[in-house]
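S.K.: structure13.txt is reproduced below (compact mmCIF, C-alpha atoms).
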```txt
# COMPACT_ATOMS: atom_id res chain seq x y z
CA MET H 22 75.41 35.47 52.94
CA THR H 23 75.50 39.07 54.14
CA SER H 24 73.36 40.42 51.31
CA ARG H 25 70.82 37.63 51.75
CA SER H 26 70.39 38.35 55.45
CA SER H 27 70.05 42.10 54.97
CA GLY H 28 67.36 41.68 52.34
CA THR H 29 65.10 39.34 54.25
CA ASP H 30 63.47 39.12 57.62
CA MET H 31 65.90 38.37 60.41
CA ILE H 32 63.38 36.50 62.54
CA ALA H 33 62.02 34.43 59.65
CA GLU H 34 65.55 33.27 58.80
CA LEU H 35 66.20 32.32 62.41
CA VAL H 36 62.97 30.34 62.73
CA LEU H 37 63.44 28.62 59.36
CA ALA H 38 67.03 27.71 60.27
CA THR H 39 65.79 26.16 63.52
CA PHE H 40 63.14 24.08 61.77
CA PHE H 41 65.51 23.06 58.96
CA GLY H 42 68.11 22.05 61.57
CA LEU H 43 65.52 19.86 63.30
CA LEU H 44 64.55 18.40 59.92
CA LEU H 45 68.22 17.56 59.31
CA LEU H 46 68.35 15.75 62.65
CA GLY H 47 65.22 13.84 61.59
CA ILE H 48 66.87 12.84 58.30
CA HIS H 49 69.90 11.76 60.32
CA ARG H 50 67.76 9.49 62.51
CA LYS H 51 65.86 8.09 59.54
CA ILE H 52 69.00 7.15 57.61
CA ILE H 53 70.59 5.49 60.64
CA ALA H 54 67.38 3.48 61.15
CA ARG H 55 67.19 2.38 57.50
CA ILE H 56 70.86 1.30 57.51
CA GLN H 57 70.13 -0.75 60.63
CA ARG H 58 67.06 -2.25 58.88
CA ARG H 59 64.55 -0.49 61.12
CA PRO H 60 61.69 1.59 59.74
CA GLY H 61 62.72 4.55 61.87
CA PRO H 62 60.69 7.67 62.68
CA PRO H 63 59.47 10.08 59.97
CA ILE H 64 62.01 12.76 59.07
CA TRP H 65 59.94 15.49 60.76
CA GLN H 66 60.02 13.55 64.05
CA GLU H 67 62.44 15.99 65.72
CA ILE H 68 60.08 18.90 64.95
CA LEU H 69 57.16 16.94 66.43
CA HIS H 70 59.40 16.03 69.36
CA MET H 71 60.07 19.70 70.07
CA LEU H 72 56.36 20.59 69.82
CA LYS H 73 55.38 17.61 71.97
CA PHE H 74 57.74 18.67 74.75
CA SER H 75 56.38 22.21 74.61
CA PHE H 76 52.95 20.89 75.68
CA LYS H 77 54.21 18.66 78.52
CA THR H 78 53.98 19.48 82.20
CA THR H 79 57.05 21.45 83.21
CA TRP H 80 58.72 21.47 86.56
CA ILE H 81 61.89 22.42 88.38
CA PRO H 82 63.25 19.64 90.64
CA LYS H 83 63.59 20.52 94.30
CA THR H 84 67.25 19.53 94.16
CA ALA H 85 67.92 21.98 91.32
CA SER H 86 69.45 25.42 91.36
CA PRO H 87 66.38 27.18 89.87
CA VAL H 88 68.16 30.16 88.32
CA LEU H 89 70.82 28.04 86.62
CA PHE H 90 68.27 25.35 85.70
CA VAL H 91 66.15 27.84 83.73
CA GLY H 92 68.89 30.28 82.73
CA VAL H 93 71.00 27.64 81.02
CA VAL H 94 68.14 26.91 78.57
CA LEU H 95 67.93 30.59 77.64
CA ILE H 96 71.71 30.76 77.27
CA ALA H 97 71.75 27.62 75.09
CA ILE H 98 69.29 29.16 72.61
CA GLY H 99 70.95 32.57 72.89
CA ILE H 100 74.49 31.44 72.04
CA TRP H 101 73.39 29.56 68.92
CA THR H 102 71.24 32.52 67.87
CA ALA H 103 74.44 34.57 68.13
CA ALA H 104 76.36 31.96 66.10
CA PHE H 105 73.62 32.06 63.45
CA TYR H 106 73.89 35.83 63.04
CA ILE H 107 77.69 35.68 62.91
CA LEU H 108 77.31 33.09 60.14
CA VAL H 109 74.83 35.11 58.05
CA SER H 110 76.86 38.30 58.46
CA GLY H 111 80.09 36.55 57.42
CA GLY H 112 81.68 37.33 60.79
CA SER H 113 84.66 35.79 62.54
CA LEU H 114 85.12 32.02 62.45
CA LEU H 115 86.97 32.35 65.75
CA VAL H 116 83.85 33.72 67.47
CA ILE H 117 81.74 30.84 66.14
CA LEU H 118 84.30 28.38 67.46
CA GLY H 119 84.29 30.28 70.76
CA ILE H 120 80.52 29.73 70.91
CA TYR H 121 81.15 26.10 70.08
CA MET H 122 83.37 25.87 73.18
CA LEU H 123 80.81 27.81 75.20
CA HIS H 124 78.27 25.12 74.34
CA LYS H 125 80.38 22.68 76.36
CA ILE H 126 80.05 24.95 79.39
CA VAL H 127 76.30 25.14 78.77
CA GLU H 128 76.06 21.33 78.62
CA HIS H 129 78.00 21.20 81.89
CA GLY H 130 75.59 23.76 83.34
CA PHE H 131 72.61 21.66 82.25
CA GLY H 132 74.04 18.65 84.08
CA LEU H 133 75.07 20.38 87.27
CA SER H 134 71.99 22.59 87.66
CA SER H 135 69.53 19.73 88.15
CA GLY H 136 71.17 18.03 91.12
CA SER H 137 70.54 14.65 89.48
CA PRO H 138 73.49 12.20 89.51
CA TYR H 139 72.76 11.29 85.87
CA GLY H 140 72.81 14.96 84.94
CA LYS H 141 76.08 15.46 86.80
CA TYR H 142 77.74 12.50 85.07
CA GLY H 143 76.46 13.83 81.75
CA GLY H 144 77.94 17.24 82.58
CA VAL H 145 81.29 15.69 83.48
CA ARG H 146 81.33 13.72 80.23
CA SER H 147 80.63 16.87 78.24
CA VAL H 148 83.82 18.31 79.76
CA ILE H 149 85.76 15.14 78.88
CA SER H 150 84.41 15.30 75.34
CA ALA H 151 85.87 18.81 75.00
CA ALA H 152 88.93 16.87 73.74
CA SER H 153 87.03 16.64 70.46
CA GLU H 154 87.37 20.40 70.04
CA ILE H 155 91.18 20.40 70.00
CA PRO H 156 91.43 19.31 66.30
CA LEU H 157 89.23 22.33 65.64
CA PHE H 158 91.97 24.73 66.73
CA VAL H 159 94.48 23.13 64.37
CA THR H 160 91.89 23.26 61.58
CA VAL H 161 91.42 26.97 62.21
CA ALA H 162 95.20 27.49 62.20
CA VAL H 163 95.54 25.76 58.82
CA ILE H 164 92.70 27.86 57.36
CA ALA H 165 94.38 31.03 58.66
CA VAL H 166 97.69 30.00 57.06
CA TYR H 167 96.00 29.73 53.65
CA THR H 168 93.51 32.60 53.76
CA HIS H 169 95.35 35.05 56.08
CA SER H 170 92.00 35.77 57.72
CA LEU H 171 89.50 34.19 60.05
CA ASP H 172 86.51 36.12 58.75
CA LEU H 173 84.00 33.85 57.07
CA SER H 174 83.46 36.39 54.30
CA ALA H 175 87.24 36.55 53.60
CA ILE H 176 87.53 32.75 53.68
CA MET H 177 84.69 32.48 51.14
CA GLN H 178 86.29 35.16 48.93
CA TYR H 179 89.58 33.22 49.02
CA GLN H 180 87.77 30.11 47.77
CA GLN H 181 86.14 32.04 44.93
CA VAL H 182 89.65 32.80 43.63
CA HIS H 183 91.63 29.68 44.60
CA GLY H 184 88.98 26.96 44.70
CA PRO H 185 87.42 25.09 47.65
CA LEU H 186 89.54 24.53 50.74
CA LEU H 187 88.05 21.02 50.77
CA ILE H 188 90.56 20.20 48.02
CA ILE H 189 93.39 22.52 49.07
CA ALA H 190 93.30 21.53 52.77
CA PHE H 191 91.57 18.15 52.70
CA PRO H 192 93.03 16.87 56.05
CA ALA H 193 91.72 20.01 57.78
CA ALA H 194 88.26 19.33 56.32
CA CYS H 195 88.47 15.73 57.62
CA ALA H 196 89.39 17.01 61.10
CA MET H 197 86.46 19.42 61.14
CA PHE H 198 84.17 16.66 59.85
CA LEU H 199 85.30 14.56 62.81
CA VAL H 200 84.49 17.44 65.17
CA ILE H 201 80.97 17.72 63.71
CA LEU H 202 80.61 13.93 63.91
CA SER H 203 81.42 14.13 67.61
CA LYS H 204 78.46 16.48 68.06
CA MET H 205 75.93 14.33 66.21
CA PRO H 206 73.53 12.09 68.15
CA PHE H 207 74.12 8.31 67.98
CA GLY H 208 77.70 8.87 66.78
CA PRO H 209 80.89 7.06 67.83
CA PHE H 210 81.96 10.00 69.99
CA SER H 211 78.53 10.76 71.53
CA ILE H 212 79.71 9.78 75.00
CA VAL H 213 77.58 12.54 76.51
CA GLU H 214 74.44 10.72 75.36
CA ALA H 215 75.44 7.18 76.38
CA LYS H 216 72.48 5.06 77.52
CA GLU H 217 74.01 4.28 80.93
CA LEU H 218 73.49 7.97 81.78
CA VAL H 219 69.73 7.83 80.94
CA SER H 220 69.50 11.14 79.03
CA GLY H 221 72.81 12.47 80.33
CA TYR H 222 73.00 16.18 81.09
CA LYS H 223 69.39 16.70 79.95
CA THR H 224 67.83 13.97 82.11
CA GLU H 225 65.96 16.39 84.38
CA HIS H 226 65.24 19.06 81.76
CA PHE H 227 61.81 17.95 80.68
CA GLY H 228 58.77 19.67 79.16
CA ILE H 229 59.40 23.22 78.00
CA TRP H 230 63.06 23.12 79.05
CA ARG H 231 63.62 20.14 76.72
CA ALA H 232 61.67 21.86 73.93
CA GLY H 233 64.07 24.81 74.33
CA LEU H 234 67.01 22.42 74.18
CA GLU H 235 65.60 20.90 70.97
CA ILE H 236 65.47 24.40 69.45
CA CYS H 237 69.09 24.88 70.47
CA ASN H 238 69.99 21.53 68.82
CA GLY H 239 68.20 22.50 65.60
CA LEU H 240 70.02 25.82 65.39
CA LYS H 241 73.34 24.20 66.35
CA THR H 242 73.03 21.57 63.60
CA TYR H 243 72.16 24.21 61.00
CA VAL H 244 75.03 26.49 62.02
CA LEU H 245 77.68 23.74 62.23
CA LEU H 246 76.84 22.28 58.81
CA ALA H 247 76.55 25.73 57.19
CA VAL H 248 79.90 26.78 58.69
CA PHE H 249 81.53 23.60 57.34
CA LEU H 250 80.19 24.32 53.85
CA ALA H 251 81.16 28.01 54.04
CA VAL H 252 84.70 27.22 55.19
CA PHE H 253 85.46 24.27 52.90
CA ILE H 254 83.25 24.72 49.83
CA GLY H 255 82.82 28.50 49.62
CA PRO H 256 79.87 30.81 49.01
CA LEU H 257 76.68 28.95 48.04
CA SER H 258 73.23 30.15 47.06
CA LEU H 259 70.47 29.19 49.52
CA PRO H 260 69.17 26.15 47.54
CA TRP H 261 72.70 24.77 47.12
CA LEU H 262 73.46 25.46 50.78
CA LEU H 263 70.42 23.39 51.80
CA VAL H 264 71.33 20.60 49.35
CA GLY H 265 74.90 20.62 50.68
CA MET H 266 73.67 20.37 54.26
CA ILE H 267 71.44 17.41 53.40
CA LEU H 268 74.36 15.65 51.67
CA LEU H 269 76.57 16.33 54.67
CA ILE H 270 74.00 14.95 57.11
CA VAL H 271 73.61 11.81 54.95
CA ILE H 272 77.39 11.21 55.14
CA LEU H 273 77.34 11.86 58.90
CA ALA H 274 74.42 9.46 59.33
CA PHE H 275 76.31 6.71 57.49
CA ALA H 276 79.33 7.27 59.73
CA CYS H 277 77.12 7.15 62.85
CA ALA H 278 75.18 4.07 61.70
CA VAL H 279 78.20 1.85 61.00
CA THR H 280 80.31 2.72 64.05
CA PRO H 281 79.55 1.73 67.64
CA MET H 282 79.67 4.29 70.44
CA MET H 283 83.13 4.32 71.98
CA SER H 284 84.00 4.35 75.65
CA PRO H 285 84.96 7.79 76.98
CA PHE H 286 88.63 6.73 77.19
CA ASP H 287 88.76 5.49 73.59
CA SER H 288 86.89 8.54 72.35
CA VAL H 289 89.37 10.94 73.95
CA THR H 290 92.36 8.84 72.79
CA ILE H 291 91.22 8.95 69.16
CA GLN H 292 90.54 12.68 69.33
CA MET H 293 94.02 13.30 70.75
CA LEU H 294 95.53 11.11 68.03
CA VAL H 295 93.72 13.16 65.38
CA THR H 296 95.02 16.33 67.04
CA ALA H 297 98.60 15.01 66.90
CA LEU H 298 98.21 14.14 63.20
CA MET H 299 96.70 17.55 62.50
CA LEU H 300 99.59 19.26 64.31
CA VAL H 301 102.07 17.44 62.05
CA TYR H 302 99.98 18.43 59.01
CA ALA H 303 99.80 22.06 60.18
CA ALA H 304 103.60 22.13 60.68
CA ILE H 305 104.13 20.80 57.13
CA ILE H 306 101.68 23.33 55.68
CA LEU H 307 103.37 26.13 57.58
CA MET H 308 106.76 25.12 56.15
CA VAL H 309 105.39 24.78 52.60
CA VAL H 310 103.13 27.85 52.46
CA HIS H 311 105.39 30.11 54.56
CA PRO H 312 108.90 28.59 54.21
CA MET X 23 60.35 32.18 89.69
CA MET X 24 56.73 30.97 89.60
CA MET X 25 54.29 32.86 87.39
CA LYS X 26 50.66 32.96 86.27
CA LYS X 27 49.64 32.41 82.66
CA LYS X 28 48.80 36.09 82.27
CA THR X 29 52.32 37.13 83.31
CA VAL X 30 53.88 34.68 80.88
CA ALA X 31 51.66 36.01 78.07
CA ARG X 32 52.89 39.54 78.81
CA ILE X 33 56.52 38.38 78.70
CA PHE X 34 55.84 36.67 75.36
CA TRP X 35 54.32 39.80 73.79
CA ALA X 36 57.17 41.94 75.13
CA GLY X 37 59.79 39.53 73.73
CA ALA X 38 58.00 39.17 70.38
CA GLY X 39 57.67 42.96 70.20
CA VAL X 40 61.41 43.45 70.70
CA CYS X 41 62.16 40.82 68.01
CA VAL X 42 59.82 42.40 65.45
CA ILE X 43 60.84 46.01 66.18
CA ALA X 44 64.57 45.15 66.00
CA SER X 45 64.01 43.30 62.74
CA VAL X 46 61.96 46.12 61.20
CA LEU X 47 64.43 48.82 62.32
CA PHE X 48 67.29 46.83 60.80
CA PHE X 49 65.33 46.31 57.57
CA MET X 50 64.73 50.09 57.37
CA GLY X 51 68.44 50.71 57.95
CA MET X 52 67.88 52.54 61.24
CA ILE X 53 70.01 50.20 63.37
CA PRO X 54 73.17 48.23 62.43
CA LEU X 55 73.22 44.43 62.20
CA PRO X 56 75.21 43.90 65.45
CA LEU X 57 72.61 45.85 67.48
CA CYS X 58 69.71 44.04 65.82
CA ALA X 59 71.43 40.68 66.41
CA ALA X 60 72.16 41.58 70.06
CA LEU X 61 68.48 42.41 70.66
CA LEU X 62 67.36 39.17 68.99
CA ILE X 63 69.91 37.10 70.90
CA VAL X 64 68.38 38.32 74.17
CA ALA X 65 64.73 38.43 73.12
CA PHE X 66 64.41 35.28 70.98
CA PRO X 67 65.06 32.68 73.75
CA VAL X 68 62.71 34.51 76.14
CA THR X 69 60.00 34.74 73.46
CA VAL X 70 60.24 31.04 72.58
CA LEU X 71 60.12 29.77 76.16
CA SER X 72 57.32 32.15 77.18
CA LEU X 73 55.32 31.12 74.08
CA PHE X 74 55.65 27.48 75.12
CA PHE X 75 54.63 28.35 78.68
CA CYS X 76 51.73 30.34 77.34
CA TRP X 77 50.18 27.48 75.38
CA MET X 78 51.10 24.80 77.92
CA ALA X 79 49.63 26.45 81.03
CA GLY X 80 45.93 26.11 81.79
CA GLU X 81 43.76 29.14 82.64
CA SER X 82 42.61 27.67 85.94
CA GLY X 83 45.89 26.03 86.92
CA GLY X 84 48.26 27.10 89.64
CA ASP X 85 51.69 28.61 89.35
CA ILE X 86 54.03 27.53 86.58
CA PRO X 87 56.50 25.96 86.40
CA PHE X 88 55.59 23.47 89.08
CA ILE X 89 58.32 23.18 91.72
CA GLY X 90 58.55 19.40 91.78
CA TYR X 91 59.74 16.58 93.90
```
I'd like the structure from this file rewritten - as structure tokens, please.

M.R.:
Amino acid sequence: MTSRSSGTDMIAELVLATFFGLLLLGIHRKIIARIQRRPGPPIWQEILHMLKFSFKTTWIPKTASPVLFVGVVLIAIGIWTAAFYILVSGGSLLVILGIYMLHKIVEHGFGLSSGSPYGKYGGVRSVISAASEIPLFVTVAVIAVYTHSLDLSAIMQYQQVHGPLLIIAFPAACAMFLVILSKMPFGPFSIVEAKELVSGYKTEHFGIWRAGLEICNGLKTYVLLAVFLAVFIGPLSLPWLLVGMILLIVILAFACAVTPMMSPFDSVTIQMLVTALMLVYAAIILMVVHP
Amino acid sequence: MMMKKKTVARIFWAGAGVCVIASVLFFMGMIPLPLCAALLIVAFPVTVLSLFFCWMAGESGGDIPFIGY
């Protein structure tokens, strides 16, 4: 990934990743709709959505904290731009996961900055849903036990020699898949986007602010899926990376389409249960790999 | 916080300039990847939002964004 990024335009890659991420979200919506026997929107709907919002009237509510209200949009795009460059440079997995956690704070900031009760509830739920990140830590620990490194480039090199971690550490891959599932729209763990909260933390962020948030979502989707493939499949050429991401989003869409959205309590309970199972698995791996 | 369309256009060109210059300097090997990435991380969000503001705002309109209800 490093050589590819150094040989091509940095901005072009970033823009293409954003649009491809939005396209993936469109495919996700389309598949869910077809499974539920609805025609669904075209797959480029999320791109149109982003462009549509960019032309809408934009305002800052009087109840909002203006600096936080605007600043949080810039931060949201900025942190996933950072995650994208860490990914293409084969940097530390730990930093990407740190950004992943930071996104929770950003969601919280979105909710609190507007002064809207729906936004605030959405922000609170995004904090509750941070429970979904705990299996991530165990996943990272298991990867470190095998590869002795948390650099993406080192993890990919390990897989070139020993084969994909998807096979070697399948439960860890399942846990990370669950984490990504919790971040997908219309999923069983999408408690942040429950309908009773209107649009949750983004209720008041309309117009250009929402278009910025859509860009953030596109980049986030691209980065999360690419990180999953890099960590559990290994180094892939660009065409195979894109094919892998499409396959992954199809699987995620199936999981989202056939499972109802859980209540916040159930969602957290299941995530904690997965964490407990992963801890047992990590302990076993630690005893087997490093007796 | 409120701006005119002309101000937003200036911010856009400044942001886009930083993005392009950082990218070109990195391509020519004059700056390392972390510095290029740091510049893009700061400039890219500003460029995108100011571009949106630029094409959304009318020439004759008032201040943007509108401080609402």

S.K.: Step by step, gather every atom of stretch 39-56 of chain X that the file lists, find the box along x, y and z that holds them, add 5 Å on each side, and finally give centre and edge lengths in Å to one decimal, as lines of an AutoDock Vina configuration file.

M.R.:
```
center_x = 66.4
center_y = 46.7
center_z = 64.0
size_x = 27.5
size_y = 21.7
size_z = 23.3
```

S.K.: Output as a PDB file with C-alpha atoms, in the frame of the given file the set of chain X residues within 10 Å of chain H, with distances taken over all atoms listed in the file.

M.R.:
```
ATOM      1  CA  MET X  23      60.350  32.180  89.690  1.00  0.00           C
ATOM      2  CA  ALA X  38      58.000  39.170  70.380  1.00  0.00           C
ATOM      3  CA  CYS X  41      62.160  40.820  68.010  1.00  0.00           C
ATOM      4  CA  VAL X  42      59.820  42.400  65.450  1.00  0.00           C
ATOM      5  CA  ALA X  44      64.570  45.150  66.000  1.00  0.00           C
ATOM      6  CA  SER X  45      64.010  43.300  62.740  1.00  0.00           C
ATOM      7  CA  VAL X  46      61.960  46.120  61.200  1.00  0.00           C
ATOM      8  CA  PHE X  48      67.290  46.830  60.800  1.00  0.00           C
ATOM      9  CA  PHE X  49      65.330  46.310  57.570  1.00  0.00           C
ATOM     10  CA  MET X  50      64.730  50.090  57.370  1.00  0.00           C
ATOM     11  CA  GLY X  51      68.440  50.710  57.950  1.00  0.00           C
ATOM     12  CA  LEU X  55      73.220  44.430  62.200  1.00  0.00           C
ATOM     13  CA  PRO X  56      75.210  43.900  65.450  1.00  0.00           C
ATOM     14  CA  CYS X  58      69.710  44.040  65.820  1.00  0.00           C
ATOM     15  CA  ALA X  59      71.430  40.680  66.410  1.00  0.00           C
ATOM     16  CA  ALA X  60      72.160  41.580  70.060  1.00  0.00           C
ATOM     17  CA  LEU X  62      67.360  39.170  68.990  1.00  0.00           C
ATOM     18  CA  ILE X  63      69.910  37.100  70.900  1.00  0.00           C
ATOM     19  CA  VAL X  64      68.380  38.320  74.170  1.00  0.00           C
ATOM     20  CA  ALA X  65      64.730  38.430  73.120  1.00  0.00           C
ATOM     21  CA  PHE X  66      64.410  35.280  70.980  1.00  0.00           C
ATOM     22  CA  PRO X  67      65.060  32.680  73.750  1.00  0.00           C
ATOM     23  CA  VAL X  68      62.710  34.510  76.140  1.00  0.00           C
ATOM     24  CA  THR X  69      60.000  34.740  73.460  1.00  0.00           C
ATOM     25  CA  VAL X  70      60.240  31.040  72.580  1.00  0.00           C
ATOM     26  CA  LEU X  71      60.120  29.770  76.160  1.00  0.00           C
ATOM     27  CA  SER X  72      57.320  32.150  77.180  1.00  0.00           C
ATOM     28  CA  LEU X  73      55.320  31.120  74.080  1.00  0.00           C
ATOM     29  CA  PHE X  74      55.650  27.480  75.120  1.00  0.00           C
ATOM     30  CA  PHE X  75      54.630  28.350  78.680  1.00  0.00           C
ATOM     31  CA  CYS X  76      51.730  30.340  77.340  1.00  0.00           C
ATOM     32  CA  TRP X  77      50.180  27.480  75.380  1.00  0.00           C
ATOM     33  CA  MET X  78      51.100  24.800  77.920  1.00  0.00           C
ATOM     34  CA  ALA X  79      49.630  26.450  81.030  1.00  0.00           C
ATOM     35  CA  ILE X  86      54.030  27.530  86.580  1.00  0.00           C
ATOM     36  CA  PRO X  87      56.500  25.960  86.400  1.00  0.00           C
ATOM     37  CA  PHE X  88      55.590  23.470  89.080  1.00  0.00           C
ATOM     38  CA  ILE X  89      58.320  23.180  91.720  1.00  0.00           C
ATOM     39  CA  GLY X  90      58.550  19.400  91.780  1.00  0.00           C
ATOM     40  CA  TYR X  91      59.740  16.580  93.900  1.00  0.00           C
TER      41      TYR X  91
END
```

S.K.: Distance atom CA of H:Gly111-atom CA of H:Leu257, one decimal place?

M.R.: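 Atom-to-atom, atom CA of H:Gly111 and atom CA of H:Leu257 are spaced 12.5 Å apart.
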
S.K.: Could you tell me how far atom CA of H:Leu123 sits from atom CA of H:Gly136, in Å to one decimal place?

M.R.: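 Pair atom CA of H:Gly136 / atom CA of H:Leu123 returns 21.0 Å.
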
S.K.: Env of H:Leu187: 10 Å cut, atoms = all atoms listed in the file, seq-sep filter 5 positions within chain, self excluded. Answer as a count of residues only.

M.R.: 11

S.K.: Quick one: residues within 9 Å of H:Tyr243, only C-alpha atoms counted, chain neighbours fewer than 3 positions away excluded, as a list in words?

M.R.: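 So the residues in contact are Ala38, Thr39, Phe41, Gly42, Leu43, Leu45, Phe105, Asn238, Gly239, Leu240, Leu246, Ala247, Val248 and Met266 of chain H.
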
S.K.: Write out as number ranges by chain each polymer residue whose atoms come within 7 Å of H:Leu171, counting all atoms listed in the file; drop sequence neighbours fewer than 3 positions from it.

M.R.: H: 113-115, 165, 176

S.K.: Using all atoms listed in the file, list the residues that have an atom at most 10 Å from (74.8, 11.2, 86.6), coordinates as in the file, as an NGL selection string.

M.R.: :H and (132-133 or 136-146 or 217-222 or 224)

S.K.: Could you list, as an MDAnalysis selection string, every residue within 12 Å of stretch 271-275 of chain H, counting only C-alpha atoms and ignoring same-chain residues fewer than 3 positions away?

M.R.: chainID H and resid 45:57 195 198:209 242 246 264:268 278:281

S.K.: Which distance in Å separates atom CA of H:Phe227 and atom CA of H:Ile68, to one decimal?

M.R.: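 Value for the atom CA of H:Phe227-atom CA of H:Ile68 distance: 15.9 Å.
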